[in-house]
Amino acid sequence: MKKINIRLRKLMAFTAVGAVVLFSSCLKNDHYDYVIQVAGIAFINASPGSPDLDLVADNVREKLPGVFSYDSSYGYLRAYPGYRVFGFTKKNSHDLITFQPFYLRPGDAYSVFIADTLGAAKLFCFKDSLNIPDTTKFANIRFINLSPDSKSLNLLSGTDTLFSNIAFGKATDFMPVNPDTYSLKTGESGSSTTLSTLTNVTFKKGGIYTIWARGYEKTAIDSIKIGLRQVQNNESATEANWEQ
């Protein structure tokens, strides 16, 4: 790990377009107000056993709404569009755990996950869909595999396979499902062994949901074993007063 002011400075040459305040939607000068269409960012901690982390954006430590440890999530936060560099340190540390540049398009929503243990942590950015057509009859769901030692996961409801062969760090497209209460489970593709379950998951009509697997298959430590988590993306956007 390197100090923030060393490693991020090396990236600023090609991220200067995005090197501005993270959580804002207006840019002003002495004479005019320039209204900029921002992007929306959700941050999710899927790093097994992670302590409380600090967010660094374009070489500036940014305050999240609360503690950002394992299984914490916050969104959506306003961010200027363009090339942005996001990274994380341990709480009040100057040593970067990991960082990654991403390109944010104006008006789009994204989920940024930190995954794997801190010594091998990686950032993944997925574009979210908050305005899916034909939500009057269905819910829409997608699945992301963030279990580092998995090979390729399936997500099932009962005996029905919803998504198959999803490798680590990959996400499916959103798929319509009937509004209902589901019991979900995940396992390796080609195996009948259930690795984790998530019961009594209600998908509401018009809801847009992300389900992700995090943690390790091959561990005896309960707190970092593979598990499933879910969030309703369009509900998070409403709560944060952020819309496309």
# chains A, B, ... in the order shown; residues from 1 in each chain; ligands from 1
call {"tool": "closest_atom_pairs", "arguments": {"of": "stretch 108-219 of chain A", "to": "stretch 41-51 of chain A", "cutoff": "8 Å", "atoms": "only C-alpha atoms", "output": "tab-separated table"}}
result
residue	atom	partner	partner_atom	distance
A:Ala109	CA	A:Ile41	CA	5.9
A:Tyr110	CA	A:Ile41	CA	5.0
A:Ser111	CA	A:Ala42	CA	4.6
A:Val112	CA	A:Phe43	CA	4.9
A:Phe113	CA	A:Ile44	CA	4.8
A:Ile114	CA	A:Asn45	CA	5.2
A:Ala115	CA	A:Ser47	CA	4.2
A:Asp116	CA	A:Ser47	CA	4.8
A:Thr117	CA	A:Ser47	CA	5.3
A:Leu118	CA	A:Ser50	CA	6.8
A:Ala121	CA	A:Ser47	CA	7.1
A:Leu146	CA	A:Ala46	CA	7.1
A:Arg214	CA	A:Ala46	CA	5.8
A:Gly215	CA	A:Pro48	CA	5.5
A:Tyr216	CA	A:Pro48	CA	7.9
call {"tool": "residues_around", "arguments": {"residues": "stretch 157-163 of chain A", "least_positions_apart": "6", "cutoff": "9 Å", "atoms": "only C-alpha atoms", "output": "short mmCIF file (atom, residue, chain, number, x, y, z; two decimals) with C-alpha atoms, in the first residue's frame"}}
result
data_model
loop_
_atom_site.label_atom_id
_atom_site.label_comp_id
_atom_site.auth_asym_id
_atom_site.auth_seq_id
_atom_site.Cartn_x
_atom_site.Cartn_y
_atom_site.Cartn_z
CA ARG A 142 -30.11 -9.04 -11.33
CA PHE A 143 -27.36 -11.12 -9.72
CA THR A 172 -26.23 -10.27 -15.06
CA MET A 175 -34.61 -9.76 -15.60
CA TYR A 182 -39.02 -15.93 -2.80
CA SER A 183 -36.50 -18.21 -1.11
CA LEU A 184 -33.23 -17.83 -2.99
CA LYS A 185 -30.16 -20.02 -2.93
CA THR A 186 -26.82 -20.10 -4.64
#
call {"tool": "atom_distance", "arguments": {"atom1": "atom CA of A:Phe86", "atom2": "atom CA of A:Val67"}}
result
17.3 Å
call {"tool": "atom_distance", "arguments": {"atom1": "atom CA of A:Thr136", "atom2": "atom CA of A:Phe203"}}
result
12.9 Å
call {"tool": "atom_distance", "arguments": {"atom1": "atom CA of A:Ser189", "atom2": "atom CA of A:Ser150"}}
result
9.8 Å
call {"tool": "residues_around", "arguments": {"residues": "A:Ala39", "least_positions_apart": "3", "cutoff": "9 Å", "atoms": "only C-alpha atoms", "output": "list in words"}}
result
Ser25, Tyr76, Leu77, Arg78, Ala79, Tyr80, Pro81, Leu104, Arg105, Pro106, Gly107, Asp108, Ala109, Tyr110 and Gln244 of chain A
call {"tool": "select_by_dssp", "arguments": {"residues": "stretch 168-244 of chain A", "states": "strand (DSSP E or B)", "output": "PyMOL selection string"}}
result
chain A and resi 171+175-177+180-188+196-203+208-214+216+225+227-232
call {"tool": "closest_residue", "arguments": {"among": "A:Arg84, A:Gly207, A:Ile97, A:Leu155", "to": "A:Cys125", "atoms": "only C-alpha atoms"}}
result
A:Arg84
call {"tool": "select_by_dssp", "arguments": {"residues": "stretch 10-238 of chain A", "states": "alpha helix (DSSP H)", "output": "list in words"}}
result
Lys10, Leu11, Asn233, Asn234, Glu235, Ser236, Ala237 and Thr238 of chain A
call {"tool": "closest_residue", "arguments": {"among": "A:Asn165, A:Ser196, A:Thr181, A:Ser236", "to": "A:Ala139", "atoms": "only C-alpha atoms"}}
result
A:Thr181
